[in-house]
>>> print(open('final25.pdb').read())   # PDB, C-alpha atoms
ATOM      1  CA  MET P   1       0.000   0.000   0.000
ATOM      2  CA  THR P   2       1.396   3.350  -1.008
ATOM      3  CA  THR P   3       0.813   6.111   1.520
ATOM      4  CA  LEU P   4       1.026   9.838   1.053
ATOM      5  CA  SER P   5       2.297  10.323   4.594
ATOM      6  CA  THR P   6       4.933   8.689   6.738
ATOM      7  CA  TYR P   7       2.903   9.479   9.852
ATOM      8  CA  SER P   8       1.403   6.474  11.619
ATOM      9  CA  PRO P   9      -2.101   7.256  12.958
ATOM     10  CA  LYS P  10      -2.336   7.174  16.751
ATOM     11  CA  VAL P  11      -5.306   6.054  18.867
ATOM     12  CA  ARG P  12      -5.472   7.571  22.360
ATOM     13  CA  SER P  13      -7.965   7.977  25.173
ATOM     14  CA  VAL P  14      -9.081  11.455  26.222
ATOM     15  CA  GLY P  15      -9.692  11.108  29.942
ATOM     16  CA  LEU P  16     -12.937   9.182  30.389
ATOM     17  CA  ASP P  17     -14.718  11.178  27.663
ATOM     18  CA  GLY P  18     -13.664   9.400  24.511
ATOM     19  CA  VAL P  19     -11.074   8.357  21.977
ATOM     20  CA  LEU P  20      -8.942  10.485  19.648
ATOM     21  CA  VAL P  21      -7.476   9.184  16.373
ATOM     22  CA  THR P  22      -4.706  11.501  15.157
ATOM     23  CA  PHE P  23      -3.321  11.614  11.624
ATOM     24  CA  GLY P  24      -0.512  14.162  11.966
ATOM     25  CA  ASP P  25       1.599  16.321  14.257
ATOM     26  CA  THR P  26       1.020  19.428  12.137
ATOM     27  CA  ALA P  27      -1.906  20.708  10.098
ATOM     28  CA  THR P  28      -1.563  19.395   6.551
ATOM     29  CA  ASP P  29      -4.076  18.863   3.780
ATOM     30  CA  GLU P  30      -3.644  15.096   3.805
ATOM     31  CA  ALA P  31      -3.987  14.793   7.595
ATOM     32  CA  ASN P  32      -7.184  16.840   7.516
ATOM     33  CA  ARG P  33      -8.648  14.776   4.684
ATOM     34  CA  ALA P  34      -7.804  11.593   6.566
ATOM     35  CA  ALA P  35      -9.455  12.828   9.776
ATOM     36  CA  ILE P  36     -12.659  13.834   7.964
ATOM     37  CA  ALA P  37     -12.833  10.603   5.956
ATOM     38  CA  PHE P  38     -12.105   8.367   8.963
ATOM     39  CA  ARG P  39     -14.709  10.044  11.146
ATOM     40  CA  SER P  40     -17.307   9.622   8.404
ATOM     41  CA  ALA P  41     -16.453   5.943   7.961
ATOM     42  CA  VAL P  42     -16.783   5.163  11.676
ATOM     43  CA  ASP P  43     -20.017   7.168  11.900
ATOM     44  CA  ALA P  44     -21.423   5.120   9.016
ATOM     45  CA  GLN P  45     -20.906   1.939  11.051
ATOM     46  CA  GLY P  46     -23.246   3.221  13.755
ATOM     47  CA  TRP P  47     -21.314   2.095  16.822
ATOM     48  CA  SER P  48     -23.666   2.102  19.810
ATOM     49  CA  GLU P  49     -20.816   3.185  22.101
ATOM     50  CA  VAL P  50     -20.298   6.470  20.239
ATOM     51  CA  SER P  51     -22.628   9.238  21.431
ATOM     52  CA  GLU P  52     -21.011  11.995  19.343
ATOM     53  CA  SER P  53     -18.132  12.519  16.922
ATOM     54  CA  SER P  54     -16.183  15.454  15.554
ATOM     55  CA  SER P  55     -13.037  16.168  13.583
ATOM     56  CA  THR P  56     -10.254  18.681  14.143
ATOM     57  CA  LEU P  57      -7.513  19.874  11.803
ATOM     58  CA  VAL P  58      -5.727  16.512  12.098
ATOM     59  CA  SER P  59      -7.830  14.218  14.334
ATOM     60  CA  ALA P  60     -11.159  12.426  14.655
ATOM     61  CA  PHE P  61     -12.771  12.356  18.104
ATOM     62  CA  PHE P  62     -15.386   9.878  19.271
ATOM     63  CA  ARG P  63     -17.222  10.620  22.501
ATOM     64  CA  ILE P  64     -17.494   7.366  24.434
ATOM     65  CA  ASP P  65     -18.017   6.740  28.144
ATOM     66  CA  LEU P  66     -14.733   5.023  28.998
ATOM     67  CA  ALA P  67     -15.964   4.292  32.504
ATOM     68  CA  GLU P  68     -18.445   1.928  30.864
ATOM     69  CA  HIS P  69     -16.533   0.735  27.802
ATOM     70  CA  ARG P  70     -12.960  -0.554  27.799
ATOM     71  CA  PHE P  71     -10.526   1.604  25.874
ATOM     72  CA  GLU P  72      -8.434  -1.410  24.814
ATOM     73  CA  GLN P  73     -11.350  -3.005  23.002
ATOM     74  CA  LEU P  74     -12.344   0.231  21.332
ATOM     75  CA  SER P  75      -8.750   0.877  20.305
ATOM     76  CA  ASP P  76      -8.587  -2.549  18.658
ATOM     77  CA  ARG P  77     -11.805  -1.860  16.729
ATOM     78  CA  LEU P  78     -10.532   1.528  15.570
ATOM     79  CA  GLN P  79      -7.206  -0.002  14.559
ATOM     80  CA  SER P  80      -9.134  -2.526  12.479
ATOM     81  CA  VAL P  81     -10.886   0.316  10.649
ATOM     82  CA  LEU P  82      -7.563   2.113  10.172
ATOM     83  CA  ALA P  83      -6.150  -1.022   8.525
ATOM     84  CA  THR P  84      -8.860  -1.120   5.853
ATOM     85  CA  ARG P  85      -7.346   1.562   3.652
ATOM     86  CA  ASP P  86      -4.792   4.325   3.245
ATOM     87  CA  TRP P  87      -6.718   7.119   4.952
ATOM     88  CA  PHE P  88      -4.291   9.750   3.673
ATOM     89  CA  ALA P  89      -5.463   8.907   0.157
ATOM     90  CA  ALA P  90      -9.135   8.385   1.043
ATOM     91  CA  SER P  91     -11.818  10.368  -0.720
ATOM     92  CA  LEU P  92     -13.755  12.940   1.238
ATOM     93  CA  PRO P  93     -17.224  11.685   2.237
ATOM     94  CA  GLU P  94     -20.357  12.076   0.152
ATOM     95  CA  GLY P  95     -22.960  14.678   0.996
ATOM     96  CA  ARG P  96     -20.595  17.639   0.930
ATOM     97  CA  ALA P  97     -21.595  21.046  -0.406
ATOM     98  CA  LEU P  98     -19.975  23.956  -2.214
ATOM     99  CA  TRP P  99     -20.998  27.333  -0.814
ATOM    100  CA  THR P 100     -20.523  30.465  -2.912
ATOM    101  CA  VAL P 101     -20.485  33.278  -0.360
ATOM    102  CA  PRO P 102     -20.704  36.981  -1.331
ATOM    103  CA  ALA P 103     -18.244  39.177   0.568
ATOM    104  CA  VAL P 104     -16.697  42.645   0.538
ATOM    105  CA  PHE P 105     -12.901  42.816   0.488
ATOM    106  CA  GLY P 106     -11.206  45.969   1.733
ATOM    107  CA  GLY P 107     -12.613  49.374   2.516
ATOM    108  CA  ALA P 108     -14.361  50.293   5.728
ATOM    109  CA  ARG P 109     -16.082  46.900   5.997
ATOM    110  CA  ALA P 110     -12.777  44.962   5.873
ATOM    111  CA  PRO P 111     -10.139  47.441   7.004
ATOM    112  CA  GLN P 112      -7.114  45.134   7.168
ATOM    113  CA  PHE P 113      -7.253  43.785   3.623
ATOM    114  CA  ASP P 114      -4.499  46.102   2.387
ATOM    115  CA  GLU P 115      -2.287  45.255   5.369
ATOM    116  CA  ALA P 116      -2.775  41.530   4.828
ATOM    117  CA  ALA P 117      -1.979  41.826   1.107
ATOM    118  CA  GLU P 118       1.233  43.673   1.958
ATOM    119  CA  ALA P 119       2.177  41.027   4.542
ATOM    120  CA  ALA P 120       1.633  38.369   1.865
ATOM    121  CA  GLY P 121       3.807  40.296  -0.603
ATOM    122  CA  LEU P 122       0.902  40.667  -3.028
ATOM    123  CA  SER P 123      -0.717  43.554  -4.837
ATOM    124  CA  LYS P 124      -4.304  44.251  -3.861
ATOM    125  CA  VAL P 125      -5.429  42.900  -7.238
ATOM    126  CA  ASP P 126      -3.527  39.639  -6.758
ATOM    127  CA  ALA P 127      -4.671  39.301  -3.158
ATOM    128  CA  LEU P 128      -8.298  39.681  -4.191
ATOM    129  CA  ARG P 129      -7.789  37.151  -6.976
ATOM    130  CA  ASP P 130      -6.394  34.602  -4.502
ATOM    131  CA  LEU P 131      -9.187  35.109  -1.997
ATOM    132  CA  THR P 132     -11.962  34.790  -4.570
ATOM    133  CA  SER P 133     -10.541  32.111  -6.894
ATOM    134  CA  THR P 134      -9.465  29.567  -4.274
ATOM    135  CA  ARG P 135     -12.008  26.944  -3.259
ATOM    136  CA  LEU P 136     -11.385  26.536   0.457
ATOM    137  CA  ARG P 137     -12.288  23.445   2.455
ATOM    138  CA  VAL P 138     -14.008  23.589   5.821
ATOM    139  CA  LEU P 139     -11.118  22.045   7.760
ATOM    140  CA  THR P 140     -12.875  22.012  11.118
ATOM    141  CA  LEU P 141     -15.474  23.848  13.185
ATOM    142  CA  GLY P 142     -14.432  25.420  16.454
ATOM    143  CA  PHE P 143     -13.865  28.355  18.817
ATOM    144  CA  ALA P 144     -17.523  29.421  18.460
ATOM    145  CA  PRO P 145     -20.628  27.415  17.465
ATOM    146  CA  GLY P 146     -20.490  26.482  13.784
ATOM    147  CA  GLN P 147     -17.414  28.611  13.095
ATOM    148  CA  PRO P 148     -15.277  27.246  10.239
ATOM    149  CA  TYR P 149     -11.543  27.297   9.711
ATOM    150  CA  LEU P 150     -11.013  27.305   5.946
ATOM    151  CA  GLY P 151      -7.958  26.237   3.993
ATOM    152  CA  THR P 152      -5.706  26.156   2.390
ATOM    153  CA  LEU P 153      -4.485  29.352   0.731
ATOM    154  CA  GLY P 154      -1.198  29.526  -1.161
ATOM    155  CA  ASP P 155       2.194  29.863   0.503
ATOM    156  CA  ALA P 156       2.145  33.662   0.229
ATOM    157  CA  TRP P 157      -0.703  33.673   2.747
ATOM    158  CA  ASN P 158       1.374  32.065   5.470
ATOM    159  CA  ILE P 159       1.225  35.417   7.229
ATOM    160  CA  PRO P 160       1.624  35.613  11.014
ATOM    161  CA  ARG P 161      -0.997  36.654  13.489
ATOM    162  CA  GLN P 162      -0.880  40.259  14.653
ATOM    163  CA  LYS P 163       1.206  41.128  17.682
ATOM    164  CA  GLU P 164      -1.804  42.851  19.260
ATOM    165  CA  LEU P 165      -5.501  41.963  19.244
ATOM    166  CA  THR P 166      -8.122  43.753  17.246
ATOM    167  CA  LEU P 167     -10.646  44.323  20.025
ATOM    168  CA  ASN P 168     -13.747  43.485  18.018
ATOM    169  CA  VAL P 169     -14.508  42.063  14.597
ATOM    170  CA  PRO P 170     -18.150  41.481  13.608
ATOM    171  CA  ALA P 171     -19.947  38.248  12.867
ATOM    172  CA  GLY P 172     -19.564  37.288   9.206
ATOM    173  CA  ALA P 173     -16.011  38.655   9.071
ATOM    174  CA  LEU P 174     -13.320  36.858   7.082
ATOM    175  CA  VAL P 175     -10.005  36.944   8.916
ATOM    176  CA  ALA P 176      -6.703  35.642   7.568
ATOM    177  CA  ALA P 177      -3.532  34.097   9.008
ATOM    178  CA  VAL P 178      -1.306  31.012   8.544
ATOM    179  CA  ARG P 179      -2.780  30.178   5.100
ATOM    180  CA  GLN P 180      -6.293  29.952   6.515
ATOM    181  CA  ILE P 181      -9.461  32.009   6.567
ATOM    182  CA  CYS P 182     -11.776  31.965   9.563
ATOM    183  CA  LEU P 183     -15.375  33.019   8.991
ATOM    184  CA  PHE P 184     -16.575  34.436  12.295
ATOM    185  CA  ALA P 185     -19.789  33.183  13.840
ATOM    186  CA  LYS P 186     -20.044  36.069  16.312
ATOM    187  CA  ASP P 187     -18.487  39.407  17.219
ATOM    188  CA  THR P 188     -15.133  38.701  18.816
ATOM    189  CA  PRO P 189     -11.587  39.994  19.352
ATOM    190  CA  THR P 190      -8.942  38.450  17.111
ATOM    191  CA  GLY P 191      -5.272  38.407  16.289
ATOM    192  CA  TRP P 192      -6.028  37.581  12.650
ATOM    193  CA  ARG P 193      -6.400  40.307   9.999
ATOM    194  CA  HIS P 194      -9.884  41.354   8.920
ATOM    195  CA  VAL P 195      -9.745  40.992   5.118
ATOM    196  CA  GLY P 196     -13.379  40.518   4.141
ATOM    197  CA  GLN P 197     -16.938  40.857   5.375
ATOM    198  CA  SER P 198     -19.959  38.712   4.612
ATOM    199  CA  ALA P 199     -23.482  38.403   5.982
ATOM    200  CA  PHE P 200     -23.234  34.606   6.249
ATOM    201  CA  ALA P 201     -24.446  33.237   9.610
ATOM    202  CA  CYS P 202     -22.456  30.183  10.676
ATOM    203  CA  PHE P 203     -24.771  29.531  13.627
ATOM    204  CA  ARG P 204     -28.538  29.589  13.096
ATOM    205  CA  PRO P 205     -30.091  28.417  16.361
ATOM    206  CA  ARG P 206     -33.662  29.007  15.184
ATOM    207  CA  GLY P 207     -33.253  27.209  11.871
ATOM    208  CA  ASP P 208     -33.700  23.586  10.885
ATOM    209  CA  THR P 209     -29.923  23.297  10.471
ATOM    210  CA  PRO P 210     -28.210  25.286  13.259
ATOM    211  CA  PHE P 211     -24.757  24.533  11.802
ATOM    212  CA  PRO P 212     -25.017  24.928   8.003
ATOM    213  CA  LEU P 213     -21.362  24.089   7.362
ATOM    214  CA  ALA P 214     -19.660  20.746   7.920
ATOM    215  CA  PRO P 215     -16.014  19.633   7.714
ATOM    216  CA  GLY P 216     -15.289  18.724   4.102
ATOM    217  CA  ASP P 217     -17.644  21.332   2.649
ATOM    218  CA  GLU P 218     -16.040  23.874   0.326
ATOM    219  CA  ILE P 219     -16.411  27.648   0.193
ATOM    220  CA  GLN P 220     -15.621  30.076  -2.608
ATOM    221  CA  PHE P 221     -15.978  33.790  -1.969
ATOM    222  CA  ALA P 222     -17.498  36.166  -4.525
ATOM    223  CA  ASP P 223     -16.448  39.819  -4.460
ATOM    224  CA  ILE P 224     -19.312  42.287  -4.043
ATOM    225  CA  SER P 225     -19.579  45.982  -3.219
ATOM    226  CA  ALA P 226     -20.298  47.430   0.207
ATOM    227  CA  VAL P 227     -23.626  48.684  -1.189
ATOM    228  CA  GLU P 228     -24.598  45.153  -2.234
ATOM    229  CA  LEU P 229     -23.594  43.764   1.165
ATOM    230  CA  SER P 230     -25.806  46.345   2.865
ATOM    231  CA  ARG P 231     -28.698  45.327   0.616
ATOM    232  CA  ILE P 232     -28.198  41.667   1.561
ATOM    233  CA  GLU P 233     -28.071  42.552   5.247
ATOM    234  CA  ASP P 234     -31.325  44.499   4.926
ATOM    235  CA  THR P 235     -33.296  42.003   2.838
ATOM    236  CA  VAL P 236     -31.973  38.460   3.369
ATOM    237  CA  THR P 237     -33.269  37.186   6.688
ATOM    238  CA  ASN P 238     -32.531  33.445   6.577
ATOM    239  CA  GLY P 239     -28.867  33.695   7.605
ATOM    240  CA  SER P 240     -27.516  32.658   4.207
ATOM    241  CA  GLY P 241     -26.079  36.094   3.482
ATOM    242  CA  GLY P 242     -26.960  35.560  -0.167
ATOM    243  CA  ALA P 243     -24.814  32.407  -0.377
ATOM    244  CA  ILE P 244     -25.593  29.726  -2.968
ATOM    245  CA  ARG P 245     -25.330  26.074  -1.871
ATOM    246  CA  THR P 246     -24.478  23.414  -4.487
ATOM    247  CA  GLU P 247     -24.270  19.687  -3.782
ATOM    248  CA  LEU P 248     -20.881  18.164  -4.577
ATOM    249  CA  ALA P 249     -20.806  14.785  -6.287
TER     250      ALA P 249
END
>>> encode(input="final25.pdb", output="structure tokens")
Amino acid sequence: MTTLSTYSPKVRSVGLDGVLVTFGDTATDEANRAAIAFRSAVDAQGWSEVSESSSTLVSAFFRIDLAEHRFEQLSDRLQSVLATRDWFAASLPEGRALWTVPAVFGGARAPQFDEAAEAAGLSKVDALRDLTSTRLRVLTLGFAPGQPYLGTLGDAWNIPRQKELTLNVPAGALVAAVRQICLFAKDTPTGWRHVGQSAFACFRPRGDTPFPLAPGDEIQFADISAVELSRIEDTVTNGSGGAIRTELA
């Protein structure tokens, strides 16, 4: 079996709360794909011991009461699933979606776009091209309910976090650092640079689907004017922010 990674997946207990299967020491595309694919495969088997699952940048977590179920037995079962294929080369699961999300880049609504472009060594035209032409994967959800970390941008976007916090960035903001974009679910301080602004709601507690995004989904941003964003904010009330959702095969 040919593997894309030399990393050997590790199965570990997390206190008495569950089991973590890790596919890398650092955040890489292949480790993230493996974590998403592995979680989906175990979920599809419907283990009665698993009450909840999630995936991080490089790991899959399964919430299991380890006071009731023996870790050794669960570890053996997970190792058996790991042995079924090269997870670093596994396809992402079915049921994913592509979201085309309108956003403003630069200006008063995204005041650190120019600074981020300079940090990336790009002209504003090239920075905008990168941010709107790259289809970004939802790598994981975290920090706030439904909030996605999106990747991966090109090497130029491996820009550091700021040395000081921006005290408040609004919900729907696109912030950039370390080749990723985070789409904020709520107003929050941040050390990442505010490069874009959307009206997309990542957390919709009153809707049928409180968390519209899932790991493995893809997002592509579409550049719009500040006037158009204001119109969307005034007229679109379902939390979509004017985004278009397309099923991926």
>>> closest_residue(input="final25.pdb", among="P:Lys163, P:His194, P:Arg70, P:Arg63", to="P:Gly107", atoms="all atoms listed in the file")
P:His194
>>> resolve_selection(input="final25.pdb", expression="the PyMOL selection byres ((chain P and resi 203) around 7)", output="ChimeraX atom specification")
/P:145-146,185,201-202,204-205,210-211
>>> closest_residue(input="final25.pdb", among="P:Val14, P:Val104, P:Ala199, P:Leu150", to="P:Ala171", atoms="all atoms listed in the file")
P:Ala199
>>> closest_residue(input="final25.pdb", among="P:Ser91, P:Asn238, P:Thr188, P:Thr100", to="P:Ser133", atoms="all atoms listed in the file")
P:Thr100
>>> residues_near_point(input="final25.pdb", point="(-3.2, 24.8, 7.8)", cutoff="12 Å", atoms="all atoms listed in the file", output="number ranges by chain")
P: 24-33, 56-58, 136-140, 149-155, 157-159, 176-182
>>> resolve_selection(input="final25.pdb", expression="the PyMOL selection byres ((chain P and resi 169) around 7)", output="ChimeraX atom specification")
/P:168,170-171,173,187-189
>>> closest_residue(input="final25.pdb", among="P:Leu20, P:Ile219, P:Leu229, P:Ile64", to="P:Leu183", atoms="all atoms listed in the file")
P:Ile219
>>> residues_around(input="final25.pdb", residues="P:Trp99", least_positions_apart="2", cutoff="12 Å", atoms="only C-alpha atoms", output="list in words")
Arg96, Ala97, Val101, Pro102, Arg135, Leu136, Arg137, Val138, Phe200, Cys202, Pro212, Leu213, Ala214, Gly216, Asp217, Glu218, Ile219, Gln220, Phe221, Ala222, Ser240, Gly241, Gly242, Ala243, Ile244, Arg245, Thr246, Glu247 and Leu248 of chain P
>>> closest_residue(input="final25.pdb", among="P:Val195, P:Val50, P:Ile36, P:Val227", to="P:Val19", atoms="all atoms listed in the file")
P:Val50
>>> closest_residue(input="final25.pdb", among="P:Ser5, P:Thr166, P:Gln147, P:Gln45", to="P:Val81", atoms="all atoms listed in the file")
P:Gln45
>>> residues_near_point(input="final25.pdb", point="(-2.3, 41.1, 16.9)", cutoff="9 Å", atoms="all atoms listed in the file", output="list in words")
Pro160, Arg161, Gln162, Lys163, Glu164, Leu165, Thr166, Thr190, Gly191, Trp192 and Arg193 of chain P
>>> atom_distance(input="final25.pdb", atom1="atom CA of P:Phe71", atom2="atom CA of P:Asp17")
10.6 Å
>>> atom_distance(input="final25.pdb", atom1="atom CA of P:Glu228", atom2="atom CA of P:Arg129")
19.2 Å
>>> axis_aligned_box(input="final25.pdb", around="stretch 148-154 of chain P", padding_each_side="5 Å", output="JSON")
{"center_x": -8.2, "center_y": 27.8, "center_z": 4.5, "size_x": 24.1, "size_y": 13.4, "size_z": 21.4}
>>> residues_around(input="final25.pdb", residues="P:Ala37", least_positions_apart="5", cutoff="7 Å", atoms="all atoms listed in the file", output="PyMOL selection string")
chain P and resi 90-93
>>> residues_around(input="final25.pdb", residues="P:Ser80", least_positions_apart="5", cutoff="12 Å", atoms="all atoms listed in the file", output="list of chain:residue names")
P:Val11, P:Phe38, P:Val42, P:Gln73, P:Leu74, P:Ser75, P:Arg85
>>> atom_distance(input="final25.pdb", atom1="atom CA of P:Ser40", atom2="atom CA of P:Gly15")
22.9 Å
>>> resolve_selection(input="final25.pdb", expression="the PyMOL selection byres ((chain P and resi 53) around 8)", output="list in words")
Arg39, Asp43, Val50, Ser51, Glu52, Ser54, Ser55, Ala60, Phe61, Phe62 and Arg63 of chain P
